[in-house]
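Trainee: Okay, so here is model-v5.pdb, and as you'll see once you scroll down, it has PDB, C-alpha atoms, pLDDT in the B column.
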ATOM      1  CA  MET K 125     -11.246  11.670 -53.299  1.00 54.00           C
ATOM      2  CA  LYS K 126     -13.453  12.174 -50.249  1.00 52.00           C
ATOM      3  CA  ARG K 127     -17.049  11.088 -49.922  1.00 53.00           C
ATOM      4  CA  LYS K 128     -19.430  12.058 -47.178  1.00 52.00           C
ATOM      5  CA  ASN K 129     -21.297   9.212 -45.560  1.00 53.00           C
ATOM      6  CA  ARG K 130     -24.846  10.451 -45.063  1.00 53.00           C
ATOM      7  CA  ALA K 131     -25.693   8.143 -42.181  1.00 52.00           C
ATOM      8  CA  GLY K 132     -22.828   8.946 -39.857  1.00 53.00           C
ATOM      9  CA  GLY K 133     -21.842  12.342 -41.212  1.00 54.00           C
ATOM     10  CA  ARG K 134     -18.234  11.216 -41.365  1.00 52.00           C
ATOM     11  CA  VAL K 135     -15.844  11.816 -44.209  1.00 50.00           C
ATOM     12  CA  ARG K 136     -14.453   8.617 -45.666  1.00 51.00           C
ATOM     13  CA  GLU K 137     -11.338   8.820 -47.764  1.00 51.00           C
ATOM     14  CA  GLU K 138     -11.197   6.537 -50.748  1.00 53.00           C
ATOM     15  CA  PRO K 139      -8.043   5.730 -52.658  1.00 54.00           C
ATOM     16  CA  ASN K 140      -7.319   7.821 -55.698  1.00 58.00           C
ATOM     17  CA  VAL K 141      -8.567   5.827 -58.638  1.00 55.00           C
ATOM     18  CA  ASP K 142      -8.096   6.595 -62.308  1.00 56.00           C
ATOM     19  CA  PHE K 143     -11.576   5.821 -63.515  1.00 52.00           C
ATOM     20  CA  ALA K 144     -10.429   5.471 -67.136  1.00 55.00           C
ATOM     21  CA  THR K 145      -8.042   2.606 -66.366  1.00 58.00           C
ATOM     22  CA  GLY K 146      -9.523   1.430 -63.066  1.00 59.00           C
ATOM     23  CA  GLN K 147      -6.123   1.461 -61.378  1.00 62.00           C
ATOM     24  CA  LYS K 148      -5.203   3.135 -58.129  1.00 60.00           C
ATOM     25  CA  ALA K 149      -2.895   6.102 -58.374  1.00 59.00           C
ATOM     26  CA  LYS K 150       0.374   5.703 -56.508  1.00 59.00           C
ATOM     27  CA  THR K 151       0.992   7.933 -53.514  1.00 53.00           C
ATOM     28  CA  SER K 152       4.221   8.308 -51.681  1.00 53.00           C
ATOM     29  CA  ASN K 153       4.487   7.643 -47.947  1.00 51.00           C
ATOM     30  CA  VAL K 154       5.680  11.190 -47.454  1.00 51.00           C
ATOM     31  CA  GLN K 155       2.143  12.454 -47.983  1.00 50.00           C
ATOM     32  CA  ARG K 156       0.669  10.332 -45.195  1.00 47.00           C
ATOM     33  CA  PRO K 157       1.457  10.744 -41.512  1.00 47.00           C
ATOM     34  CA  THR K 158       3.097   7.804 -39.827  1.00 46.00           C
ATOM     35  CA  SER K 159       0.726   6.756 -37.080  1.00 47.00           C
ATOM     36  CA  ASN K 160       3.432   5.019 -35.008  1.00 47.00           C
ATOM     37  CA  VAL K 161       5.404   8.227 -34.687  1.00 46.00           C
ATOM     38  CA  GLN K 162       2.293  10.108 -33.603  1.00 44.00           C
ATOM     39  CA  ARG K 163       1.469   7.497 -30.960  1.00 42.00           C
ATOM     40  CA  ARG K 164       5.032   7.487 -29.672  1.00 43.00           C
ATOM     41  CA  ASP K 165       5.030  11.282 -29.350  1.00 47.00           C
ATOM     42  CA  GLN K 166       1.709  11.260 -27.494  1.00 49.00           C
ATOM     43  CA  SER K 167       2.694   8.442 -25.148  1.00 47.00           C
ATOM     44  CA  ALA K 168       6.046  10.093 -24.462  1.00 49.00           C
ATOM     45  CA  THR K 169       4.385  13.163 -22.981  1.00 51.00           C
ATOM     46  CA  ALA K 170       1.660  11.377 -21.018  1.00 52.00           C
ATOM     47  CA  PRO K 171       3.886   9.589 -18.435  1.00 49.00           C
ATOM     48  CA  SER K 172       5.928  12.706 -17.750  1.00 48.00           C
ATOM     49  CA  GLU K 173       2.749  14.675 -17.089  1.00 48.00           C
ATOM     50  CA  ARG K 174       1.551  12.023 -14.656  1.00 47.00           C
ATOM     51  CA  ARG K 175       4.951  11.783 -13.015  1.00 52.00           C
ATOM     52  CA  TYR K 176       5.153  15.474 -12.206  1.00 52.00           C
ATOM     53  CA  ASP K 177       1.499  15.981 -11.371  1.00 87.00           C
ATOM     54  CA  LEU K 178       2.225  16.600  -7.671  1.00 93.00           C
ATOM     55  CA  GLU K 179       5.064  18.952  -8.508  1.00 93.00           C
ATOM     56  CA  GLU K 180       2.767  20.925 -10.816  1.00 95.00           C
ATOM     57  CA  ARG K 181       0.109  21.001  -8.105  1.00 95.00           C
ATOM     58  CA  LEU K 182       2.623  22.285  -5.557  1.00 96.00           C
ATOM     59  CA  LEU K 183       3.777  24.938  -8.022  1.00 96.00           C
ATOM     60  CA  GLU K 184       0.195  26.134  -8.501  1.00 97.00           C
ATOM     61  CA  TYR K 185      -0.310  26.048  -4.720  1.00 98.00           C
ATOM     62  CA  ALA K 186       2.770  28.255  -4.184  1.00 98.00           C
ATOM     63  CA  VAL K 187       1.513  30.689  -6.837  1.00 98.00           C
ATOM     64  CA  ARG K 188      -1.863  30.919  -5.103  1.00 98.00           C
ATOM     65  CA  ILE K 189      -0.165  31.484  -1.717  1.00 98.00           C
ATOM     66  CA  ILE K 190       1.945  34.314  -3.173  1.00 98.00           C
ATOM     67  CA  ARG K 191      -1.138  35.979  -4.673  1.00 98.00           C
ATOM     68  CA  LEU K 192      -3.004  35.674  -1.383  1.00 97.00           C
ATOM     69  CA  VAL K 193      -0.050  37.127   0.548  1.00 97.00           C
ATOM     70  CA  ASP K 194       0.069  40.094  -1.859  1.00 97.00           C
ATOM     71  CA  ALA K 195      -3.623  40.714  -1.189  1.00 97.00           C
ATOM     72  CA  LEU K 196      -3.222  40.825   2.609  1.00 97.00           C
ATOM     73  CA  PRO K 197      -3.565  44.267   4.226  1.00 96.00           C
ATOM     74  CA  ARG K 198      -0.413  46.224   5.046  1.00 96.00           C
ATOM     75  CA  THR K 199      -1.188  46.236   8.764  1.00 96.00           C
ATOM     76  CA  GLN K 200       1.132  44.830  11.410  1.00 97.00           C
ATOM     77  CA  ALA K 201      -0.966  41.655  11.682  1.00 96.00           C
ATOM     78  CA  GLY K 202      -1.254  41.366   7.907  1.00 96.00           C
ATOM     79  CA  ARG K 203       2.505  41.685   7.403  1.00 97.00           C
ATOM     80  CA  HIS K 204       3.254  39.132  10.130  1.00 97.00           C
ATOM     81  CA  ALA K 205       0.791  36.577   8.702  1.00 97.00           C
ATOM     82  CA  ALA K 206       2.052  37.308   5.182  1.00 97.00           C
ATOM     83  CA  ASP K 207       5.692  36.672   6.117  1.00 97.00           C
ATOM     84  CA  GLN K 208       4.923  33.380   7.862  1.00 97.00           C
ATOM     85  CA  LEU K 209       2.499  32.191   5.195  1.00 98.00           C
ATOM     86  CA  LEU K 210       4.904  33.040   2.403  1.00 97.00           C
ATOM     87  CA  ARG K 211       7.639  30.923   3.988  1.00 97.00           C
ATOM     88  CA  CYS K 212       5.625  27.838   4.886  1.00 97.00           C
ATOM     89  CA  GLY K 213       3.297  27.992   1.878  1.00 97.00           C
ATOM     90  CA  THR K 214       6.038  28.031  -0.750  1.00 97.00           C
ATOM     91  CA  SER K 215       8.569  25.701   0.889  1.00 97.00           C
ATOM     92  CA  PRO K 216       6.731  22.428   0.051  1.00 96.00           C
ATOM     93  CA  LEU K 217       7.522  23.030  -3.612  1.00 96.00           C
ATOM     94  CA  ALA K 218      11.257  23.287  -2.927  1.00 95.00           C
ATOM     95  CA  ASN K 219      11.210  20.432  -0.410  1.00 94.00           C
ATOM     96  CA  HIS K 220       9.401  18.216  -2.903  1.00 94.00           C
ATOM     97  CA  GLY K 221      12.284  18.812  -5.285  1.00 91.00           C
ATOM     98  CA  GLU K 222      14.668  17.746  -2.529  1.00 92.00           C
ATOM     99  CA  LEU K 223      12.779  14.542  -1.801  1.00 89.00           C
ATOM    100  CA  GLN K 224      13.053  13.528  -5.449  1.00 88.00           C
ATOM    101  CA  GLY K 225      16.809  13.398  -4.877  1.00 91.00           C
ATOM    102  CA  ALA K 226      16.615  11.483  -1.606  1.00 92.00           C
ATOM    103  CA  GLU K 227      19.611   9.243  -0.927  1.00 93.00           C
ATOM    104  CA  SER K 228      17.706   6.492   0.892  1.00 92.00           C
ATOM    105  CA  ARG K 229      14.179   5.440   1.809  1.00 92.00           C
ATOM    106  CA  LYS K 230      14.701   6.856   5.282  1.00 93.00           C
ATOM    107  CA  ASP K 231      15.813  10.190   3.793  1.00 94.00           C
ATOM    108  CA  PHE K 232      12.817  10.128   1.410  1.00 95.00           C
ATOM    109  CA  ILE K 233      10.372   9.614   4.297  1.00 95.00           C
ATOM    110  CA  HIS K 234      12.093  12.340   6.326  1.00 96.00           C
ATOM    111  CA  LYS K 235      11.765  14.855   3.465  1.00 95.00           C
ATOM    112  CA  LEU K 236       8.121  13.906   2.933  1.00 96.00           C
ATOM    113  CA  GLY K 237       7.630  14.672   6.621  1.00 96.00           C
ATOM    114  CA  ILE K 238       9.166  18.115   6.185  1.00 97.00           C
ATOM    115  CA  CYS K 239       6.760  18.858   3.330  1.00 97.00           C
ATOM    116  CA  LEU K 240       3.836  17.711   5.467  1.00 97.00           C
ATOM    117  CA  LYS K 241       4.991  19.834   8.413  1.00 97.00           C
ATOM    118  CA  GLU K 242       5.181  22.966   6.251  1.00 97.00           C
ATOM    119  CA  ILE K 243       1.773  22.357   4.688  1.00 98.00           C
ATOM    120  CA  ARG K 244       0.225  21.894   8.127  1.00 98.00           C
ATOM    121  CA  GLU K 245       1.795  25.162   9.248  1.00 98.00           C
ATOM    122  CA  ALA K 246       0.364  26.904   6.177  1.00 98.00           C
ATOM    123  CA  ARG K 247      -3.051  25.466   7.076  1.00 98.00           C
ATOM    124  CA  ARG K 248      -2.826  27.056  10.529  1.00 98.00           C
ATOM    125  CA  TRP K 249      -1.893  30.476   9.120  1.00 98.00           C
ATOM    126  CA  LEU K 250      -4.668  30.281   6.523  1.00 98.00           C
ATOM    127  CA  ARG K 251      -7.184  29.448   9.253  1.00 98.00           C
ATOM    128  CA  LEU K 252      -5.977  32.481  11.209  1.00 97.00           C
ATOM    129  CA  VAL K 253      -6.306  34.760   8.162  1.00 97.00           C
ATOM    130  CA  HIS K 254      -9.813  33.354   7.660  1.00 97.00           C
ATOM    131  CA  ARG K 255     -10.825  33.716  11.316  1.00 97.00           C
ATOM    132  CA  VAL K 256      -9.629  37.325  11.852  1.00 96.00           C
ATOM    133  CA  PRO K 257     -10.682  37.964   8.836  1.00 95.00           C
ATOM    134  CA  LEU K 258      -7.827  39.641   7.038  1.00 96.00           C
ATOM    135  CA  LEU K 259      -9.373  38.768   3.644  1.00 96.00           C
ATOM    136  CA  THR K 260     -12.822  37.819   2.432  1.00 95.00           C
ATOM    137  CA  PRO K 261     -13.699  34.157   2.979  1.00 95.00           C
ATOM    138  CA  SER K 262     -14.112  33.616  -0.772  1.00 95.00           C
ATOM    139  CA  LYS K 263     -10.391  34.294  -1.250  1.00 95.00           C
ATOM    140  CA  VAL K 264      -9.178  32.089   1.608  1.00 97.00           C
ATOM    141  CA  GLU K 265     -11.548  29.102   1.679  1.00 97.00           C
ATOM    142  CA  PRO K 266     -10.509  27.536  -1.662  1.00 97.00           C
ATOM    143  CA  LEU K 267      -6.876  27.662  -0.555  1.00 97.00           C
ATOM    144  CA  ILE K 268      -7.751  26.042   2.772  1.00 97.00           C
ATOM    145  CA  CYS K 269      -9.467  23.217   0.854  1.00 97.00           C
ATOM    146  CA  GLU K 270      -6.398  22.706  -1.349  1.00 97.00           C
ATOM    147  CA  THR K 271      -4.197  22.709   1.759  1.00 98.00           C
ATOM    148  CA  GLU K 272      -6.371  19.996   3.316  1.00 98.00           C
ATOM    149  CA  ALA K 273      -6.061  17.925   0.142  1.00 97.00           C
ATOM    150  CA  LEU K 274      -2.261  18.298   0.161  1.00 97.00           C
ATOM    151  CA  VAL K 275      -2.121  17.249   3.830  1.00 97.00           C
ATOM    152  CA  LYS K 276      -4.018  14.083   2.920  1.00 97.00           C
ATOM    153  CA  ILE K 277      -1.764  13.389  -0.075  1.00 96.00           C
ATOM    154  CA  PHE K 278       1.446  13.772   1.913  1.00 96.00           C
ATOM    155  CA  SER K 279       0.098  11.815   4.905  1.00 97.00           C
ATOM    156  CA  ALA K 280      -0.853   8.925   2.629  1.00 96.00           C
ATOM    157  CA  SER K 281       2.516   9.119   0.862  1.00 95.00           C
ATOM    158  CA  ILE K 282       4.364   8.870   4.168  1.00 95.00           C
ATOM    159  CA  LYS K 283       2.290   5.848   5.243  1.00 95.00           C
ATOM    160  CA  THR K 284       2.903   4.132   1.911  1.00 95.00           C
ATOM    161  CA  ALA K 285       6.637   4.843   1.998  1.00 93.00           C
ATOM    162  CA  GLN K 286       6.896   3.540   5.564  1.00 93.00           C
ATOM    163  CA  LYS K 287       4.972   0.405   4.638  1.00 92.00           C
ATOM    164  CA  ASN K 288       7.192  -0.187   1.603  1.00 88.00           C
ATOM    165  CA  ARG K 289      10.287   0.375   3.723  1.00 82.00           C
ATOM    166  CA  ARG K 290       9.138  -2.278   6.233  1.00 82.00           C
ATOM    167  CA  VAL K 291       8.367  -4.746   3.465  1.00 80.00           C
ATOM    168  CA  ARG K 292      11.842  -4.298   1.970  1.00 75.00           C
ATOM    169  CA  GLU K 293      13.578  -4.636   5.334  1.00 70.00           C
ATOM    170  CA  GLU K 294      11.622  -7.706   6.492  1.00 64.00           C
ATOM    171  CA  PRO K 295      13.364 -10.315   4.291  1.00 57.00           C
ATOM    172  CA  ASN K 296      16.708  -9.279   5.834  1.00 54.00           C
ATOM    173  CA  ALA K 297      15.445  -9.802   9.357  1.00 50.00           C
ATOM    174  CA  ILE K 298      15.391 -13.615   9.354  1.00 48.00           C
ATOM    175  CA  PHE K 299      16.259 -15.385  12.572  1.00 48.00           C
ATOM    176  CA  ALA K 300      18.399 -18.500  12.820  1.00 46.00           C
ATOM    177  CA  THR K 301      15.154 -20.504  13.044  1.00 48.00           C
ATOM    178  CA  GLY K 302      14.166 -19.297   9.608  1.00 52.00           C
ATOM    179  CA  GLN K 303      11.246 -17.187  10.841  1.00 54.00           C
ATOM    180  CA  LYS K 304      10.784 -13.607   9.793  1.00 54.00           C
ATOM    181  CA  ALA K 305      10.994 -10.879  12.380  1.00 52.00           C
ATOM    182  CA  ARG K 306       7.709  -9.228  13.232  1.00 54.00           C
ATOM    183  CA  THR K 307       7.572  -5.487  13.117  1.00 53.00           C
ATOM    184  CA  SER K 308       5.734  -3.627  15.835  1.00 52.00           C
ATOM    185  CA  ARG K 309       3.156  -1.128  14.688  1.00 46.00           C
TER     186      ARG K 309
END
In structure tokens, write the structure found in this file.
Mentor:
Amino acid sequence: MKRKNRAGGRVREEPNVDFATGQKAKTSNVQRPTSNVQRRDQSATAPSERRYDLEERLLEYAVRIIRLVDALPRTQAGRHAADQLLRCGTSPLANHGELQGAESRKDFIHKLGICLKEIREARRWLRLVHRVPLLTPSKVEPLICETEALVKIFSASIKTAQKNRRVREEPNAIFATGQKARTSR
């Protein structure tokens, strides 16, 4: 039996009661959802979405690059810019997949650097397309902004990875005097 609470406008469910006897009717658990299972299902998807957020962003970035390249004019300059932009604008997605399988911290940092290098190259080609202009600014400017954001993300990731690498290596660099080695910056 459901009753509407006038103050809050919410529906409040009351237990089924046999008003003749005053006893609650028995309901099986099958009729009610198990809240723990629902929470577990929701929490199971949330971390995976957060974990692959950058990968999803790079995928969307590559899609936007491909669409922009398809919109470029079929002139000699347009084809040249399209070829270069297609290569450097889509490679960060593949390189990001490679860095997830890095064999060491040094390899991880190196692959992050490759992603950053390709994104910076894409930024240069996008600025050229904008400056000529081969397309209207409204089509290029949002992609330039996203490229700038990705440059910042990868630059910060490299700095963090390098810092973490130094912190992990420092305990191993203890001199005979018991002092830690200082790293030059």
Trainee: Take the PyMOL selection byres ((chain K and resi 236) around 9), run it mentally on this structure, and tell me the resulting residues as a ChimeraX atom specification.
Mentor: /K:219-220,223,231-235,237-241,278-279,281-282
Trainee: Now that the selection is made, can you save its residues with C-alpha atoms as a JSON list (two decimals), in the coordinates of the input?
Mentor:
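Result went into part_27.json, see below:
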[["chain", "number", "residue", "atom", "x", "y", "z"],
["K", 219, "ASN", "CA", 11.21, 20.43, -0.41],
["K", 220, "HIS", "CA", 9.40, 18.22, -2.90],
["K", 223, "LEU", "CA", 12.78, 14.54, -1.80],
["K", 231, "ASP", "CA", 15.81, 10.19, 3.79],
["K", 232, "PHE", "CA", 12.82, 10.13, 1.41],
["K", 233, "ILE", "CA", 10.37, 9.61, 4.30],
["K", 234, "HIS", "CA", 12.09, 12.34, 6.33],
["K", 235, "LYS", "CA", 11.76, 14.86, 3.46],
["K", 237, "GLY", "CA", 7.63, 14.67, 6.62],
["K", 238, "ILE", "CA", 9.17, 18.11, 6.18],
["K", 239, "CYS", "CA", 6.76, 18.86, 3.33],
["K", 240, "LEU", "CA", 3.84, 17.71, 5.47],
["K", 241, "LYS", "CA", 4.99, 19.83, 8.41],
["K", 278, "PHE", "CA", 1.45, 13.77, 1.91],
["K", 279, "SER", "CA", 0.10, 11.82, 4.90],
["K", 281, "SER", "CA", 2.52, 9.12, 0.86],
["K", 282, "ILE", "CA", 4.36, 8.87, 4.17]]
Trainee: Can you work out the spacing between atom CA of K:Asp194 and atom CA of K:Glu180 in Å, to one decimal?
Mentor: 21.3 Å
Trainee: Mind pulling up the distance from atom CA of K:Pro216 to atom CA of K:Val275?
Mentor: 10.9 Å
Trainee: Any chance you could work out the residue set of the PyMOL selection byres ((chain K and resi 187) around 12) here, as a PyMOL selection string?
Mentor: chain K and resi 180-186+188-194+210+213-217+267
Trainee: What does the distance from atom CA of K:Trp249 to atom CA of K:Glu179 come to in Å, to one decimal?
Mentor: 22.2 Å
Trainee: On this structure, which residues satisfy the PyMOL selection byres ((chain K and resi 245-247) around 7), written as a ChimeraX atom specification?
Mentor: /K:209,212-213,241-244,248-251,268,271
Trainee: Could you write out the selected residues, including C-alpha atoms, as a JSON list (two decimals), in the frame of the given file?
Mentor:
[["chain", "number", "residue", "atom", "x", "y", "z"],
["K", 209, "LEU", "CA", 2.50, 32.19, 5.20],
["K", 212, "CYS", "CA", 5.62, 27.84, 4.89],
["K", 213, "GLY", "CA", 3.30, 27.99, 1.88],
["K", 241, "LYS", "CA", 4.99, 19.83, 8.41],
["K", 242, "GLU", "CA", 5.18, 22.97, 6.25],
["K", 243, "ILE", "CA", 1.77, 22.36, 4.69],
["K", 244, "ARG", "CA", 0.22, 21.89, 8.13],
["K", 248, "ARG", "CA", -2.83, 27.06, 10.53],
["K", 249, "TRP", "CA", -1.89, 30.48, 9.12],
["K", 250, "LEU", "CA", -4.67, 30.28, 6.52],
["K", 251, "ARG", "CA", -7.18, 29.45, 9.25],
["K", 268, "ILE", "CA", -7.75, 26.04, 2.77],
["K", 271, "THR", "CA", -4.20, 22.71, 1.76]]
Trainee: Mind checking which residues fall within 9 Å of K:His254, counting all atoms listed in the file, ignoring those fewer than 4 positions away in the same chain, and posting them as a list in words?
Mentor: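 In the requested form, the answer reads Trp249, Leu250, Leu258, Leu259, Thr260, Pro261, Lys263, Val264 and Glu265 of chain K.
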Trainee: Write the selection just made, keeping C-alpha atoms, as a PDB file, in the coordinates of the input?
Mentor:
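So again-v5.pdb came out as:
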ATOM      1  CA  TRP K 249      -1.893  30.476   9.120  1.00 98.00           C
ATOM      2  CA  LEU K 250      -4.668  30.281   6.523  1.00 98.00           C
ATOM      3  CA  LEU K 258      -7.827  39.641   7.038  1.00 96.00           C
ATOM      4  CA  LEU K 259      -9.373  38.768   3.644  1.00 96.00           C
ATOM      5  CA  THR K 260     -12.822  37.819   2.432  1.00 95.00           C
ATOM      6  CA  PRO K 261     -13.699  34.157   2.979  1.00 95.00           C
ATOM      7  CA  LYS K 263     -10.391  34.294  -1.250  1.00 95.00           C
ATOM      8  CA  VAL K 264      -9.178  32.089   1.608  1.00 97.00           C
ATOM      9  CA  GLU K 265     -11.548  29.102   1.679  1.00 97.00           C
TER      10      GLU K 265
END
Trainee: Quick one: stretch 215-234 of chain K with N, CA and C atoms, as a CSV table (one decimal), keeping the file's coordinate frame?
Mentor:
chain,number,residue,atom,x,y,z
K,215,SER,N,7.5,26.7,0.7
K,215,SER,CA,8.6,25.7,0.9
K,215,SER,C,8.2,24.3,0.5
K,216,PRO,N,7.0,23.8,0.5
K,216,PRO,CA,6.7,22.4,0.1
K,216,PRO,C,7.2,22.2,-1.4
K,217,LEU,N,7.1,23.2,-2.2
K,217,LEU,CA,7.5,23.0,-3.6
K,217,LEU,C,9.0,22.7,-3.7
K,218,ALA,N,9.8,23.5,-2.9
K,218,ALA,CA,11.3,23.3,-2.9
K,218,ALA,C,11.6,22.0,-2.2
K,219,ASN,N,10.9,21.7,-1.1
K,219,ASN,CA,11.2,20.4,-0.4
K,219,ASN,C,10.8,19.2,-1.2
K,220,HIS,N,9.8,19.3,-2.0
K,220,HIS,CA,9.4,18.2,-2.9
K,220,HIS,C,10.5,17.9,-3.9
K,221,GLY,N,11.1,19.0,-4.4
K,221,GLY,CA,12.3,18.8,-5.3
K,221,GLY,C,13.4,18.1,-4.6
K,222,GLU,N,13.6,18.4,-3.3
K,222,GLU,CA,14.7,17.7,-2.5
K,222,GLU,C,14.4,16.3,-2.3
K,223,LEU,N,13.1,15.9,-2.1
K,223,LEU,CA,12.8,14.5,-1.8
K,223,LEU,C,12.9,13.7,-3.0
K,224,GLN,N,12.8,14.3,-4.2
K,224,GLN,CA,13.1,13.5,-5.4
K,224,GLN,C,14.5,13.1,-5.6
K,225,GLY,N,15.4,13.8,-4.9
K,225,GLY,CA,16.8,13.4,-4.9
K,225,GLY,C,17.2,12.7,-3.6
K,226,ALA,N,16.3,12.1,-2.9
K,226,ALA,CA,16.6,11.5,-1.6
K,226,ALA,C,17.6,10.4,-1.8
K,227,GLU,N,18.5,10.2,-0.8
K,227,GLU,CA,19.6,9.2,-0.9
K,227,GLU,C,19.2,7.9,-0.4
K,228,SER,N,18.2,7.8,0.4
K,228,SER,CA,17.7,6.5,0.9
K,228,SER,C,16.2,6.6,1.2
K,229,ARG,N,15.6,5.4,1.5
K,229,ARG,CA,14.2,5.4,1.8
K,229,ARG,C,13.9,6.3,3.1
K,230,LYS,N,14.8,6.1,4.0
K,230,LYS,CA,14.7,6.9,5.3
K,230,LYS,C,14.8,8.4,5.0
K,231,ASP,N,15.7,8.8,4.2
K,231,ASP,CA,15.8,10.2,3.8
K,231,ASP,C,14.6,10.7,3.0
K,232,PHE,N,14.0,9.8,2.2
K,232,PHE,CA,12.8,10.1,1.4
K,232,PHE,C,11.6,10.4,2.4
K,233,ILE,N,11.5,9.5,3.3
K,233,ILE,CA,10.4,9.6,4.3
K,233,ILE,C,10.6,10.9,5.1
K,234,HIS,N,11.8,11.1,5.5
K,234,HIS,CA,12.1,12.3,6.3
K,234,HIS,C,11.7,13.6,5.6
